[in-house]
Amino acid sequence: MTSNDALLDTRLEDLAGLLGKGGLLTAAEDMERYRVDWPGYRGALPLAVARPATTQQVADVVGYCHRHDIPLVPQGGHSGLVGGALPDAETPELVLSLERLATIRDVDPINFTMSVDAGCVLQSIKDAAAEADCDFPLSLGAQGSCQIGGNISTNAGGLNVLRYGMMRQLVLGLEVVLPDGRIYNGMKALHKNNTGYDLKQLFIGAEGTLGVVTGAVLKLSPRAQTTRSALLACPDVDAVLGLYALARRRCCDLLTAFELVPRTCLELALEAAPDLRDPLETPSPVYVLMEVAASGPIDLDTMIEGLFEQGLEAGLLSDGVLAGSDAQAESLWRIREAMLEGQRNRGEHLRTDVALPISSLGEFHARASQEILALSPEATIIAYGHIGDGNLHFNILPPPGLETEARTTLLHELEERLFEIVTEFDGSISAEHGIGRFKQAAFLERLSEPEFDLMRGLKYLLDPRSLLSPGRILPRPGD
Ligand SMILES: Cc1cc2nc3c(=O)[nH]c(=O)nc-3n(C[C@H](O)[C@H](O)[C@H](O)COP(=O)(O)OP(=O)(O)OC[C@H]3O[C@@H](n4cnc5c(N)ncnc54)[C@H](O)[C@@H]3O)c2cc1C
């Protein structure tokens with residue numbers, strides 16, 4: 001045994017002592033699942049996996065790591081899509097899993113707030129809100145596994161942003177363990193609070209680089225009494241945008257989701273979930289999957305049927321189905337989930353989440369499709385997304401049969417071209433997934449000097465030795 005090994009053993013013994021029984025995992029087989037994320041990327045074997053059960057234990061572990069120069073990475077439900085939570089191979093890291101910090105602390109149906117631990121799974125938060133006759137509106141495909149701390153740290157968006165906003169708009173208070181182990185307690189359940197800098201916003205979307213989120217006060221909405229979902233067939237993306245503008249005006253601010261689903265995605269969904277049926281008889285190039293929801297006595301059927309008729313008259317849609325029951329609505333939305341599964345089943349592909357002004361989406365879509373297919377005529381473009389937020393998942397399946405290296409090189413080349421077009425349209429290379437490690441190079445290329453200096457300054461102020469999630473978003477010092 002070398003002196004380094006002996007030192008590591010001592011550190012791990014100390015950490016195990018701080019966390020108690022079952023709080024620290026060190027056996028390779030126990031740590032395996034903490035190395036892999038939803039898309040199937042695999043990180044390095046961590047030094048150990050710390051599983052604190054209280055905020056104080058998180059603070060003890062982070063403080064210990066700070067004093068002993070141990071890099072660490074917080075981990076939620078492993079559903080992030082930019083590799084931020086995967087343990088790094090360059091410098092061995094401690095994984096700090098929030099999975100045992102999973103208590104709903106309080107639900108206040110009069111204040112419309114809920115206080116939660118960071119490790120609560122999103123679905124459990126939605127269920128607890130529903131029990132109190134409220135809604136927590138964040139809704140996304142990974143809600144059965146992602147944690148609210150991960151949602152906060154990635155400033156997650158999802159299906160209902162156009163009505164309720166992203167995580168930034170849904171968090172009223174935050175509790176964070178700072179990189180030196182001190183606890184910042186900002187768990188105020190206030191709808192208005194104008195005292196100085198809004199510190200919680202620093203940590204939302206910081207992808208674990210500025211602190212470990214341990215608790216949050218979330219903003220709830222009155223529970224929807226009625227919801228209606230529809231799948232509408234449209235001739236092209238421009239028609240979808242026209243329909244969106246119409247729907248925003250006709251649906252009295254009750255529009256909660258407006259998703260673009262191209263035919264290719266519907267087919268991927270049918271492939272991944274053979275029990276699903278094509279809801280319409282005649283195939284269409286694109287569809288809109290939409291939902292309206294109301295918490296009071298409002299006739300949504302008349303509203304959505306009126307939209308359908310007006311859209312039909314204006315040539316913005318050709319056909320559609322309005323879900324007549326909850327089960328039918330559920331199977332329409334299962335298309336949205338199953339198409340992600342269908343993409344994953346196709347293996348390595350380019351996954352993006354670009355943002356553009358909504359009014360530019362049609363032109364962007366046409367131009368990007370043309371240029372990508374000019375570079376790779378046999379690639380398959382699957383551009384779907386939260387069209388009501390100007391957020392397009394412009395994903396690309398590579399031509400079949402390419403060797404691994406050729407495929408990776410091609411996908412990289414296509415991504416670079418796509419991002420150049422995004423920049424020309426004054427868009428963003430990440431609407432909701434964040435930067436992590438996978439998007440870092442493209443992000444840094446587009447950062448102005450003042451932006452870089454401000455971000456690096458913040459990181460240095462909070463984490464001068466760059467021990468927390470090093471190398472995510474910003475490069476490590478010296479890189
Ligand atoms: C099927 C699927 C659908 C998705 N749909 C959407 C979507 O519609 N909209 C959207 O925005 N995103 C979507 N995502 C990605 C989204 O970012 C994640 O699902 C979710 O927000 C991440 O939560 P997590 O708990 O899994 O975090 P993880 O993947 O574990 O971590 C994500 C990042 O947050 C950091 N982190 C995690 N917990 C904490 C904490 N407590 N404190 C500090 N840092 C922390 C990690 O270090 C990492 O950098 C989807 C992902 C999948 C797999």
# chains A, B, ... in the order shown; residues from 1 in each chain; ligands from 1
$ select_by_dssp --residues "stretch 276-452 of chain A" --states "strand (DSSP E or B)" --output "PyMOL selection string"
chain A and resi 286-294+319-322+350+353-355+380-386+391-397+428+430
$ write_last_selection --atoms "N, CA and C atoms" --output "compact mmCIF listing (two decimals), in the first residue's frame"
# COMPACT_ATOMS: atom_id res chain seq x y z
N VAL A 286 -46.14 17.15 -40.16
CA VAL A 286 -45.93 17.58 -38.76
C VAL A 286 -47.25 17.61 -37.99
N TYR A 287 -47.10 17.53 -36.68
CA TYR A 287 -48.28 17.56 -35.80
C TYR A 287 -48.02 18.55 -34.66
N VAL A 288 -49.11 18.98 -34.06
CA VAL A 288 -49.00 19.74 -32.82
C VAL A 288 -49.69 18.92 -31.74
N LEU A 289 -48.98 18.78 -30.62
CA LEU A 289 -49.58 18.12 -29.47
C LEU A 289 -49.80 19.25 -28.45
N MET A 290 -51.06 19.52 -28.15
CA MET A 290 -51.30 20.67 -27.27
C MET A 290 -52.23 20.35 -26.11
N GLU A 291 -52.14 21.18 -25.09
CA GLU A 291 -53.00 20.99 -23.92
C GLU A 291 -53.48 22.36 -23.43
N VAL A 292 -54.77 22.42 -23.06
CA VAL A 292 -55.26 23.59 -22.34
C VAL A 292 -55.77 23.08 -20.99
N ALA A 293 -55.64 23.89 -19.98
CA ALA A 293 -56.05 23.46 -18.64
C ALA A 293 -56.67 24.63 -17.89
N ALA A 294 -57.71 24.34 -17.10
CA ALA A 294 -58.35 25.41 -16.34
C ALA A 294 -58.65 24.93 -14.93
N ASP A 319 -56.33 18.16 -40.09
CA ASP A 319 -57.05 17.12 -39.38
C ASP A 319 -56.67 17.21 -37.91
N GLY A 320 -57.35 16.46 -37.07
CA GLY A 320 -56.96 16.50 -35.66
C GLY A 320 -57.83 15.59 -34.83
N VAL A 321 -57.34 15.31 -33.62
CA VAL A 321 -58.14 14.52 -32.70
C VAL A 321 -58.12 15.21 -31.33
N LEU A 322 -59.31 15.38 -30.78
CA LEU A 322 -59.43 15.95 -29.44
C LEU A 322 -59.68 14.77 -28.49
N LEU A 350 -27.05 12.95 -32.61
CA LEU A 350 -26.86 14.31 -32.11
C LEU A 350 -28.13 14.78 -31.42
N ASP A 353 -30.64 21.18 -27.91
CA ASP A 353 -31.84 21.86 -27.38
C ASP A 353 -31.69 23.35 -27.59
N VAL A 354 -31.76 23.76 -28.85
CA VAL A 354 -31.47 25.15 -29.17
C VAL A 354 -32.70 26.03 -28.93
N ALA A 355 -32.44 27.32 -28.73
CA ALA A 355 -33.54 28.28 -28.53
C ALA A 355 -33.44 29.39 -29.57
N THR A 380 -30.92 11.58 -40.75
CA THR A 380 -32.35 11.81 -40.52
C THR A 380 -32.51 12.92 -39.47
N ILE A 381 -33.22 13.97 -39.86
CA ILE A 381 -33.43 15.08 -38.92
C ILE A 381 -34.71 14.82 -38.15
N ILE A 382 -34.61 14.93 -36.84
CA ILE A 382 -35.83 14.84 -36.03
C ILE A 382 -35.91 16.09 -35.16
N ALA A 383 -36.56 17.10 -35.72
CA ALA A 383 -36.62 18.39 -35.03
C ALA A 383 -38.00 18.54 -34.40
N TYR A 384 -38.04 18.40 -33.09
CA TYR A 384 -39.30 18.50 -32.36
C TYR A 384 -39.07 19.47 -31.20
N GLY A 385 -40.13 19.78 -30.48
CA GLY A 385 -39.84 20.56 -29.29
C GLY A 385 -40.94 21.44 -28.79
N HIS A 386 -40.54 22.22 -27.78
CA HIS A 386 -41.45 23.09 -27.06
C HIS A 386 -41.58 24.38 -27.88
N ASN A 391 -38.12 26.66 -28.36
CA ASN A 391 -37.10 25.65 -28.02
C ASN A 391 -37.26 24.43 -28.92
N LEU A 392 -36.25 24.25 -29.76
CA LEU A 392 -36.30 23.16 -30.72
C LEU A 392 -35.24 22.11 -30.36
N HIS A 393 -35.66 20.86 -30.27
CA HIS A 393 -34.67 19.78 -30.15
C HIS A 393 -34.34 19.34 -31.57
N PHE A 394 -33.37 20.01 -32.15
CA PHE A 394 -33.00 19.71 -33.54
C PHE A 394 -32.00 18.55 -33.48
N ASN A 395 -32.53 17.33 -33.46
CA ASN A 395 -31.68 16.15 -33.30
C ASN A 395 -31.42 15.50 -34.65
N ILE A 396 -30.31 14.79 -34.72
CA ILE A 396 -29.94 14.19 -36.01
C ILE A 396 -29.50 12.74 -35.81
N LEU A 397 -30.16 11.84 -36.52
CA LEU A 397 -29.72 10.43 -36.51
C LEU A 397 -28.72 10.29 -37.66
N SER A 428 -29.74 30.51 -28.94
CA SER A 428 -28.90 29.98 -27.86
C SER A 428 -28.67 28.49 -28.12
N SER A 430 -28.26 26.30 -25.87
CA SER A 430 -28.97 25.48 -24.90
C SER A 430 -30.16 26.22 -24.32
$ residues_near_ligand --ligand "ligand 1" --cutoff "6 Å" --atoms "only C-alpha atoms and all ligand atoms" --output "PyMOL selection string"
chain A and resi 38+73-81+84-85+98+118+140-142+146-147+149-151+153-154+156-159+207-208+211-214+432-433+436
$ write_last_selection --atoms "C-alpha atoms" --output "JSON list (two decimals), in the first residue's frame"
[["chain", "number", "residue", "atom", "x", "y", "z"],
["A", 38, "TRP", "CA", -29.99, 8.10, -18.79],
["A", 73, "VAL", "CA", -19.80, 16.32, -7.92],
["A", 74, "PRO", "CA", -23.44, 16.51, -6.77],
["A", 75, "GLN", "CA", -25.76, 13.98, -8.34],
["A", 76, "GLY", "CA", -29.53, 13.82, -8.60],
["A", 77, "GLY", "CA", -31.48, 11.37, -10.72],
["A", 78, "HIS", "CA", -28.84, 10.93, -13.50],
["A", 79, "SER", "CA", -31.20, 12.18, -16.19],
["A", 80, "GLY", "CA", -29.20, 15.25, -17.20],
["A", 81, "LEU", "CA", -28.23, 15.22, -20.86],
["A", 84, "GLY", "CA", -22.52, 17.20, -15.78],
["A", 85, "ALA", "CA", -23.24, 14.65, -13.05],
["A", 98, "LEU", "CA", -28.82, 13.56, -2.84],
["A", 118, "ALA", "CA", -33.46, 18.48, -2.93],
["A", 140, "LEU", "CA", -40.94, 16.46, -18.27],
["A", 141, "GLY", "CA", -40.20, 13.01, -19.60],
["A", 142, "ALA", "CA", -37.79, 12.12, -16.79],
["A", 146, "CYS", "CA", -35.14, 13.21, -11.88],
["A", 147, "GLN", "CA", -34.85, 15.05, -8.56],
["A", 149, "GLY", "CA", -32.35, 19.50, -6.90],
["A", 150, "GLY", "CA", -31.32, 18.40, -10.40],
["A", 151, "ASN", "CA", -34.24, 20.31, -11.93],
["A", 153, "SER", "CA", -29.52, 23.02, -10.90],
["A", 154, "THR", "CA", -30.27, 22.65, -14.61],
["A", 156, "ALA", "CA", -35.26, 22.62, -16.18],
["A", 157, "GLY", "CA", -38.05, 23.62, -18.53],
["A", 158, "GLY", "CA", -40.27, 20.89, -19.93],
["A", 159, "LEU", "CA", -43.75, 20.92, -21.37],
["A", 207, "GLU", "CA", -25.30, 22.82, -12.64],
["A", 208, "GLY", "CA", -23.77, 22.18, -9.24],
["A", 211, "GLY", "CA", -23.15, 25.06, -4.38],
["A", 212, "VAL", "CA", -25.13, 21.97, -3.48],
["A", 213, "VAL", "CA", -28.86, 22.58, -3.41],
["A", 214, "THR", "CA", -30.34, 20.82, -0.37],
["A", 432, "GLU", "CA", -32.88, 23.95, -21.07],
["A", 433, "HIS", "CA", -30.35, 21.11, -20.82],
["A", 436, "GLY", "CA", -22.21, 20.47, -18.43]]
$ residues_around --residues "A:Leu101" --least-positions-apart "5" --cutoff "9 Å" --atoms "only C-alpha atoms" --output "NGL selection string"
:A and (51-55 or 117-120 or 214-215)
$ write_last_selection --atoms "N, CA, C and O atoms" --output "PDB file, in the first residue's frame"
ATOM      1  N   ARG A  51     -23.728   9.486   0.538  1.00  0.00           N
ATOM      2  CA  ARG A  51     -25.194   9.566   0.484  1.00  0.00           C
ATOM      3  C   ARG A  51     -25.730  10.194   1.769  1.00  0.00           C
ATOM      4  O   ARG A  51     -26.309   9.513   2.619  1.00  0.00           O
ATOM      5  N   PRO A  52     -25.542  11.503   1.926  1.00  0.00           N
ATOM      6  CA  PRO A  52     -26.007  12.147   3.156  1.00  0.00           C
ATOM      7  C   PRO A  52     -27.522  12.080   3.279  1.00  0.00           C
ATOM      8  O   PRO A  52     -28.228  12.069   2.272  1.00  0.00           O
ATOM      9  N   ALA A  53     -28.003  12.068   4.526  1.00  0.00           N
ATOM     10  CA  ALA A  53     -29.453  11.983   4.751  1.00  0.00           C
ATOM     11  C   ALA A  53     -30.017  13.274   5.316  1.00  0.00           C
ATOM     12  O   ALA A  53     -31.227  13.398   5.477  1.00  0.00           O
ATOM     13  N   THR A  54     -29.151  14.236   5.628  1.00  0.00           N
ATOM     14  CA  THR A  54     -29.632  15.524   6.155  1.00  0.00           C
ATOM     15  C   THR A  54     -28.786  16.640   5.538  1.00  0.00           C
ATOM     16  O   THR A  54     -27.674  16.400   5.056  1.00  0.00           O
ATOM     17  N   THR A  55     -29.332  17.862   5.623  1.00  0.00           N
ATOM     18  CA  THR A  55     -28.573  19.023   5.120  1.00  0.00           C
ATOM     19  C   THR A  55     -27.253  19.147   5.892  1.00  0.00           C
ATOM     20  O   THR A  55     -26.207  19.443   5.314  1.00  0.00           O
ATOM     21  N   ASP A 117     -37.013  18.697   0.288  1.00  0.00           N
ATOM     22  CA  ASP A 117     -35.593  18.360   0.210  1.00  0.00           C
ATOM     23  C   ASP A 117     -35.205  18.232  -1.258  1.00  0.00           C
ATOM     24  O   ASP A 117     -36.036  17.852  -2.100  1.00  0.00           O
ATOM     25  N   ALA A 118     -33.920  18.468  -1.531  1.00  0.00           N
ATOM     26  CA  ALA A 118     -33.461  18.478  -2.934  1.00  0.00           C
ATOM     27  C   ALA A 118     -33.554  17.106  -3.602  1.00  0.00           C
ATOM     28  O   ALA A 118     -33.662  17.008  -4.819  1.00  0.00           O
ATOM     29  N   GLY A 119     -33.509  16.045  -2.800  1.00  0.00           N
ATOM     30  CA  GLY A 119     -33.498  14.709  -3.403  1.00  0.00           C
ATOM     31  C   GLY A 119     -34.884  14.154  -3.724  1.00  0.00           C
ATOM     32  O   GLY A 119     -35.004  13.020  -4.191  1.00  0.00           O
ATOM     33  N   CYS A 120     -35.942  14.930  -3.470  1.00  0.00           N
ATOM     34  CA  CYS A 120     -37.289  14.436  -3.797  1.00  0.00           C
ATOM     35  C   CYS A 120     -37.399  14.242  -5.308  1.00  0.00           C
ATOM     36  O   CYS A 120     -37.040  15.137  -6.089  1.00  0.00           O
ATOM     37  N   THR A 214     -29.849  21.859  -1.292  1.00  0.00           N
ATOM     38  CA  THR A 214     -30.336  20.823  -0.374  1.00  0.00           C
ATOM     39  C   THR A 214     -31.836  20.960  -0.098  1.00  0.00           C
ATOM     40  O   THR A 214     -32.475  20.016   0.363  1.00  0.00           O
ATOM     41  N   GLY A 215     -32.393  22.147  -0.353  1.00  0.00           N
ATOM     42  CA  GLY A 215     -33.828  22.314  -0.116  1.00  0.00           C
ATOM     43  C   GLY A 215     -34.368  23.452  -0.954  1.00  0.00           C
ATOM     44  O   GLY A 215     -33.602  24.301  -1.433  1.00  0.00           O
TER      45      GLY A 215
END
$ closest_residue --among "A:Leu12, A:Ile358, A:Val61, A:Leu255" --to "A:Val237" --atoms "only C-alpha atoms"
A:Ile358
$ closest_residue --among "A:Leu94, A:Ala329, A:Leu232, A:Cys265" --to "A:Glu305" --atoms "only C-alpha atoms"
A:Leu232
$ residues_around --residues "stretch 122-133 of chain A" --least-positions-apart "2" --cutoff "9 Å" --atoms "only C-alpha atoms" --output "count of residues only"
27
$ atom_distance --atom1 "atom CA of A:Ser469" --atom2 "atom CA of A:Leu210"
8.3 Å
$ decode --residues "stretch 435-449 of chain A" --atoms "all heavy atoms" --output "CSV table (one decimal), in the first residue's frame"
chain,number,residue,atom,x,y,z
A,435,ILE,N,-25.0,23.2,-20.0
A,435,ILE,CA,-23.7,23.2,-20.7
A,435,ILE,C,-23.0,21.9,-20.2
A,435,ILE,O,-22.4,21.2,-21.1
A,435,ILE,CB,-22.9,24.4,-20.3
A,435,ILE,CG1,-23.6,25.7,-20.8
A,435,ILE,CG2,-21.5,24.4,-20.9
A,435,ILE,CD1,-24.0,25.8,-22.2
A,436,GLY,N,-22.9,21.6,-18.9
A,436,GLY,CA,-22.2,20.5,-18.4
A,436,GLY,C,-20.8,20.4,-19.0
A,436,GLY,O,-20.1,21.4,-19.0
A,437,ARG,N,-20.5,19.2,-19.5
A,437,ARG,CA,-19.2,19.1,-20.2
A,437,ARG,C,-19.3,19.0,-21.7
A,437,ARG,O,-18.5,19.5,-22.5
A,437,ARG,CB,-18.5,17.8,-19.7
A,437,ARG,CG,-17.9,18.0,-18.3
A,437,ARG,CD,-17.0,16.9,-17.9
A,437,ARG,NE,-17.8,15.7,-17.9
A,437,ARG,CZ,-17.5,14.7,-17.1
A,437,ARG,NH1,-16.5,14.8,-16.3
A,437,ARG,NH2,-18.3,13.6,-17.1
A,438,PHE,N,-20.5,18.4,-22.2
A,438,PHE,CA,-20.6,18.1,-23.6
A,438,PHE,C,-20.7,19.4,-24.4
A,438,PHE,O,-20.3,19.4,-25.6
A,438,PHE,CB,-21.8,17.2,-23.9
A,438,PHE,CG,-21.8,15.9,-23.2
A,438,PHE,CD1,-22.9,15.2,-23.1
A,438,PHE,CD2,-20.6,15.4,-22.7
A,438,PHE,CE1,-22.9,13.9,-22.5
A,438,PHE,CE2,-20.6,14.1,-22.1
A,438,PHE,CZ,-21.7,13.4,-22.0
A,439,LYS,N,-21.3,20.5,-23.8
A,439,LYS,CA,-21.5,21.7,-24.7
A,439,LYS,C,-20.5,22.8,-24.3
A,439,LYS,O,-20.7,23.9,-24.7
A,439,LYS,CB,-22.9,22.2,-24.4
A,439,LYS,CG,-24.1,21.3,-24.8
A,439,LYS,CD,-24.5,21.5,-26.2
A,439,LYS,CE,-25.3,20.5,-26.9
A,439,LYS,NZ,-26.0,19.5,-26.4
A,440,GLN,N,-19.5,22.4,-23.5
A,440,GLN,CA,-18.6,23.5,-23.0
A,440,GLN,C,-17.8,24.2,-24.1
A,440,GLN,O,-17.8,25.4,-24.1
A,440,GLN,CB,-17.6,22.9,-22.0
A,440,GLN,CG,-16.9,23.9,-21.2
A,440,GLN,CD,-15.8,23.3,-20.4
A,440,GLN,OE1,-14.8,22.7,-20.9
A,440,GLN,NE2,-15.9,23.5,-19.1
A,441,ALA,N,-17.3,23.5,-25.0
A,441,ALA,CA,-16.4,24.1,-26.0
A,441,ALA,C,-17.3,25.1,-26.8
A,441,ALA,O,-16.9,26.3,-27.0
A,441,ALA,CB,-15.8,23.1,-26.9
A,442,ALA,N,-18.5,24.7,-27.2
A,442,ALA,CA,-19.3,25.6,-28.1
A,442,ALA,C,-19.8,26.8,-27.2
A,442,ALA,O,-19.9,27.9,-27.7
A,442,ALA,CB,-20.5,24.8,-28.6
A,443,PHE,N,-20.0,26.5,-25.9
A,443,PHE,CA,-20.5,27.6,-25.1
A,443,PHE,C,-19.4,28.7,-24.9
A,443,PHE,O,-19.6,29.9,-25.1
A,443,PHE,CB,-20.8,27.0,-23.7
A,443,PHE,CG,-21.0,28.0,-22.6
A,443,PHE,CD1,-22.0,28.9,-22.5
A,443,PHE,CD2,-20.1,27.9,-21.5
A,443,PHE,CE1,-22.2,29.7,-21.5
A,443,PHE,CE2,-20.2,28.8,-20.4
A,443,PHE,CZ,-21.3,29.7,-20.4
A,444,LEU,N,-18.1,28.2,-24.6
A,444,LEU,CA,-17.0,29.1,-24.4
A,444,LEU,C,-16.7,29.9,-25.6
A,444,LEU,O,-16.4,31.1,-25.5
A,444,LEU,CB,-15.8,28.4,-23.9
A,444,LEU,CG,-15.9,27.7,-22.5
A,444,LEU,CD1,-14.7,26.9,-22.2
A,444,LEU,CD2,-16.2,28.8,-21.4
A,445,GLU,N,-16.8,29.3,-26.8
A,445,GLU,CA,-16.5,30.0,-28.0
A,445,GLU,C,-17.5,31.2,-28.2
A,445,GLU,O,-17.1,32.2,-28.9
A,445,GLU,CB,-16.9,29.1,-29.2
A,445,GLU,CG,-15.7,28.4,-29.8
A,445,GLU,CD,-16.2,27.4,-30.8
A,445,GLU,OE1,-17.1,27.7,-31.6
A,445,GLU,OE2,-15.7,26.2,-30.8
A,446,ARG,N,-18.7,31.1,-27.7
A,446,ARG,CA,-19.7,32.2,-27.9
A,446,ARG,C,-19.8,33.2,-26.7
A,446,ARG,O,-20.6,34.1,-26.8
A,446,ARG,CB,-21.0,31.5,-28.1
A,446,ARG,CG,-21.1,30.9,-29.5
A,446,ARG,CD,-22.2,29.9,-29.6
A,446,ARG,NE,-22.3,29.4,-30.9
A,446,ARG,CZ,-21.5,28.4,-31.4
A,446,ARG,NH1,-20.6,27.9,-30.6
A,446,ARG,NH2,-21.5,28.0,-32.7
A,447,LEU,N,-18.9,33.0,-25.7
A,447,LEU,CA,-19.0,33.8,-24.5
A,447,LEU,C,-18.2,35.1,-24.8
A,447,LEU,O,-17.0,35.0,-25.2
A,447,LEU,CB,-18.4,33.1,-23.4
A,447,LEU,CG,-19.1,33.2,-22.0
A,447,LEU,CD1,-20.6,33.0,-22.0
A,447,LEU,CD2,-18.4,32.2,-21.0
A,448,SER,N,-18.7,36.3,-24.5
A,448,SER,CA,-18.0,37.5,-24.6
A,448,SER,C,-17.0,37.6,-23.5
A,448,SER,O,-17.2,36.9,-22.4
A,448,SER,CB,-18.9,38.7,-24.7
A,448,SER,OG,-19.5,38.9,-23.4
A,449,GLU,N,-16.0,38.5,-23.6
A,449,GLU,CA,-15.0,38.6,-22.5
A,449,GLU,C,-15.7,39.0,-21.2
A,449,GLU,O,-15.4,38.4,-20.1
A,449,GLU,CB,-13.9,39.6,-22.9
A,449,GLU,CG,-12.6,39.4,-22.2
A,449,GLU,CD,-11.6,40.4,-22.6
A,449,GLU,OE1,-11.4,40.5,-23.8
A,449,GLU,OE2,-11.1,41.2,-21.7
